[in-house]
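J.: Below is the structure I would like to discuss, written out as structure tokens.
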Amino acid sequence: MAVPREQRTVFGEVADAYERSRADYPAALLDLIAGYATRTPAEVVEAGAGTGKGSALLRRLDVPLTCVEPDPAMAALLARRFTGDDLVSVVVGRFEDWRPPPGGVDLVASAQAWHWVDHTRRTDMAAEALAPGGVLAIFGHDYGFADVGLRTAMDAVYQRYAPEIADLPGRPVHTRHPGAFDPQELRTAPGFTDVTHERVVTVVPYDTARYLTLLSTFSPHRMLPEAQRTRLHVALADLVDTHGGVVAHELTTWLWLARRRGPAAADRS
Ligand SMILES: C[S@@+](CC[C@H](N)C(=O)[O-])C[C@H]1O[C@@H](n2cnc3c(N)ncnc32)[C@H](O)[C@@H]1O
């Protein structure tokens with residue numbers, strides 16, 4: 001019997017397009033993570049590294065970085081990005097199956113991927129992976145729109161061609177999935193303290209062609225039947241062209257941070 005195609009496994013179908021069209025992470029994000037940490041991490045692990053966009057940011061810490069990524073096509077681009085880099089190792093597998101080193105790591109990070117990790121276990125797994133005082137950093141982009149008029153016109157196109165995902169554009173990516181990250185997970189977790197969040201806003205212009213490539217990498221779009229996806233994308237391309245051929249994405253890069261409690265504090269909770 002054929003295995004049903006799962007939404008969290010669709011990225012490898014478009015790994016090259018993903019690498020070309022998804023936005024990079026701003027350097028300011030790393031400053032926020034480093035500023036929150038009480039010590040320079042000795043070792044970092046990243047869950048759901050994809051083609052390495054978040055990894056490229058984390059690599060700037062200049063410490064050993066383990067990138068965990070289950071999709072072979074995404075992992076191949078990731079490995080290519082860091083060929084010859086002794087500080088980066090790529091583990092092809094799910095974060096759920098990765099085993100932390102004895103004593104734990106100082107930073108567990110996940111870029112636009114935490115919602116794909118088993119939400120019933122991920123907080124506990126992160127706590128187990130971290131040394132006391134270590135940091136969990138969960139981040140990602142919301143692809144908002146600088147032009148409200150264009151956004152409204154796009155909504156009408158979605159309503160017409162793909163009503164099942166019509167309410168999704170512009171809403172935070174991390175609220176779109178069954179495993180959506182909820183900060184309460186961290187606030188109520190006995191293993192974590194000092195939960196806080198930050199955001200960095202940038203405007204990134206996409207011409208029509210790159211915008212369509214970007215759309216082809218969003219999992220709700222990938223889950224549409226191909227003919228329907230094509231009709232939707234043709235209509236959106238026409239709309240963007242009539243608005244000057246550019247979509248100015250107002251990119252809100254959000255970051256949630258939490259600190260692993262020390263053993264004594266964890267025992268008290
Ligand atoms: C939207 S992509 C994010 C990739 C990259 N971190 C970035 O920011 O561009 C989500 C990634 O999570 C991966 N993923 C899905 N389930 C996962 C799991 N259980 N553990 C780790 N990664 C997972 C997918 O294969 C995909 O590469």
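So you can find residues: chains in the structure tokens are A, B, ... in the order shown, residues in each start at 1, and ligands are numbered from 1 in order.
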Hey, what's within 12 Å of Leu65 (chain A) if we count only C-alpha atoms and toss same-chain stuff fewer than 6 positions away? As a PDB file with C-alpha atoms, in the first residue's frame, please?

T.:
ATOM      1  CA  PRO A  41      28.425  27.865  23.338  1.00  0.00           C
ATOM      2  CA  ALA A  42      30.982  25.079  23.062  1.00  0.00           C
ATOM      3  CA  GLU A  43      28.722  23.012  20.804  1.00  0.00           C
ATOM      4  CA  VAL A  44      25.495  23.657  18.878  1.00  0.00           C
ATOM      5  CA  VAL A  45      22.842  21.366  17.409  1.00  0.00           C
ATOM      6  CA  GLU A  46      20.242  22.451  14.888  1.00  0.00           C
ATOM      7  CA  ALA A  47      16.955  20.587  14.331  1.00  0.00           C
ATOM      8  CA  ALA A  49      18.532  22.348   9.087  1.00  0.00           C
ATOM      9  CA  GLY A  52      21.423  25.275   5.721  1.00  0.00           C
ATOM     10  CA  GLY A  54      19.771  28.805   9.618  1.00  0.00           C
ATOM     11  CA  SER A  55      22.997  26.791   9.827  1.00  0.00           C
ATOM     12  CA  ALA A  56      24.861  29.523   7.932  1.00  0.00           C
ATOM     13  CA  LEU A  57      23.899  31.952  10.679  1.00  0.00           C
ATOM     14  CA  LEU A  58      24.789  29.533  13.501  1.00  0.00           C
ATOM     15  CA  ARG A  59      28.103  28.699  11.823  1.00  0.00           C
ATOM     16  CA  PHE A  82      29.588  22.954   4.209  1.00  0.00           C
ATOM     17  CA  ASP A  85      34.173  22.616   6.869  1.00  0.00           C
ATOM     18  CA  ASP A  86      35.457  20.596   9.830  1.00  0.00           C
ATOM     19  CA  LEU A  87      33.230  22.418  12.320  1.00  0.00           C
ATOM     20  CA  VAL A  88      29.956  21.327  10.661  1.00  0.00           C
ATOM     21  CA  SER A  89      28.573  17.804  10.660  1.00  0.00           C
ATOM     22  CA  VAL A  90      25.378  16.758   8.924  1.00  0.00           C
ATOM     23  CA  VAL A  91      23.219  14.028  10.446  1.00  0.00           C
ATOM     24  CA  VAL A 105      25.167  20.889  24.211  1.00  0.00           C
ATOM     25  CA  ASP A 106      25.023  24.608  24.965  1.00  0.00           C
ATOM     26  CA  LEU A 107      22.643  25.643  22.193  1.00  0.00           C
ATOM     27  CA  VAL A 108      19.756  23.808  20.533  1.00  0.00           C
ATOM     28  CA  ALA A 109      18.408  25.817  17.604  1.00  0.00           C
TER      29      ALA A 109
END

J.: Using only C-alpha atoms and all ligand atoms, find each residue with an atom at most 7 Å away from ligand 1 and format the answer as number ranges by chain.

T.: A: 8-9, 11-12, 22, 47-54, 68-71, 74, 93-96, 110-113, 116-118, 140

J.: Which residues of region 122-171 of chain A sit at most 12 Å from region 204-217 of chain A, using only C-alpha atoms? Give each one's shortest atom pair and distance in Å (one decimal place), in chain and ascending residue order, as CSV.

T.:
residue,atom,partner,partner_atom,distance
A:His141,CA,A:Val204,CA,11.6
A:Asp142,CA,A:Val204,CA,11.8
A:Tyr143,CA,A:Val204,CA,9.4
A:Gly144,CA,A:Val204,CA,10.1
A:Phe145,CA,A:Val204,CA,9.6
A:Ala146,CA,A:Val204,CA,9.3
A:Asp147,CA,A:Pro205,CA,11.2
A:Pro169,CA,A:Leu215,CA,10.2

J.: May I have all residues of region 27-248 of chain A that DSSP, computed from the backbone, assigns to strand (DSSP E), given as a ChimeraX atom specification?

T.: /A:44-47,65-69,88-92,105-111,130-145,192-207,246-248

J.: If you measure from CA of Ala76 (chain A) to CA of Asp16 (chain A), what distance in Å do you get, rounded to one decimal?

T.: 10.3 Å

J.: Using only C-alpha atoms, pick whichever of A:Arg151, A:Asp124, A:Phe218, A:Val200 has the shortest atom-to-atom distance to Ala15 (chain A).

T.: A:Phe218

J.: Which residue is closest to Gly133 (chain A)? Choose from A:Val240, A:Ala37, A:Ala17, A:Leu255 and count only C-alpha atoms.

T.: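 Of A:Val240, A:Ala37, A:Ala17, A:Leu255, the one nearest Gly133 (chain A) is A:Ala37, counting only C-alpha atoms.
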
J.: Compare A:Cys67, A:Leu130, A:Ala235, A:Val135 by their minimum atom-to-atom distance to Tyr158 (chain A), counting only C-alpha atoms, and give me the closest one.

T.: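 The closest residue to Tyr158 (chain A) is A:Ala235.
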
J.: Kindly indicate which residue among A:Val157, A:Ile33, A:Pro102, A:Glu13 lies nearest to Leu239 (chain A), using only C-alpha atoms for the distances.

T.: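 Result for the nearest residue to Leu239 (chain A): A:Val157.
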
J.: Can you measure CA of Arg199 (chain A) to CA of Leu32 (chain A) for me? One decimal in Å is fine.

T.: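 Interatomic distance, CA of Arg199 (chain A) to CA of Leu32 (chain A): 9.3 Å.
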
J.: Run DSSP on the backbone and tell me which residues of region 97-129 of chain A come out as helix (DSSP H, G or I); list them as a list in words.

T.: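 Going through region 97-129 of chain A, the helix (DSSP H, G or I) residues come out as Asp97, Trp114, His115, Trp116, Arg122, Thr123, Asp124, Met125, Ala126, Ala127, Glu128 and Ala129 of chain A.
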
J.: So which residues touch Pro132 (chain A) within 10 Å, counting only C-alpha atoms, skipping near sequence neighbours fewer than 2 positions away, as a list of chain:residue names?

T.: A:Gly103, A:Gly104, A:Val105, A:Asp106, A:Ala127, A:Glu128, A:Ala129, A:Leu130, A:Gly134, A:Val135, A:Gly191, A:Phe192, A:Arg259, A:Arg260, A:Arg261, A:Gly262, A:Pro263, A:Ala264, A:Ala265, A:Ala266

J.: To one decimal place in Å, what is the distance between CA of Trp256 (chain A) and CA of Arg5 (chain A)?

T.: 29.8 Å

J.: Between A:Trp254, A:Trp114, A:Phe181, A:Tyr161, which has the minimum distance to His197 (chain A) (counting only C-alpha atoms)?

T.: A:Trp254
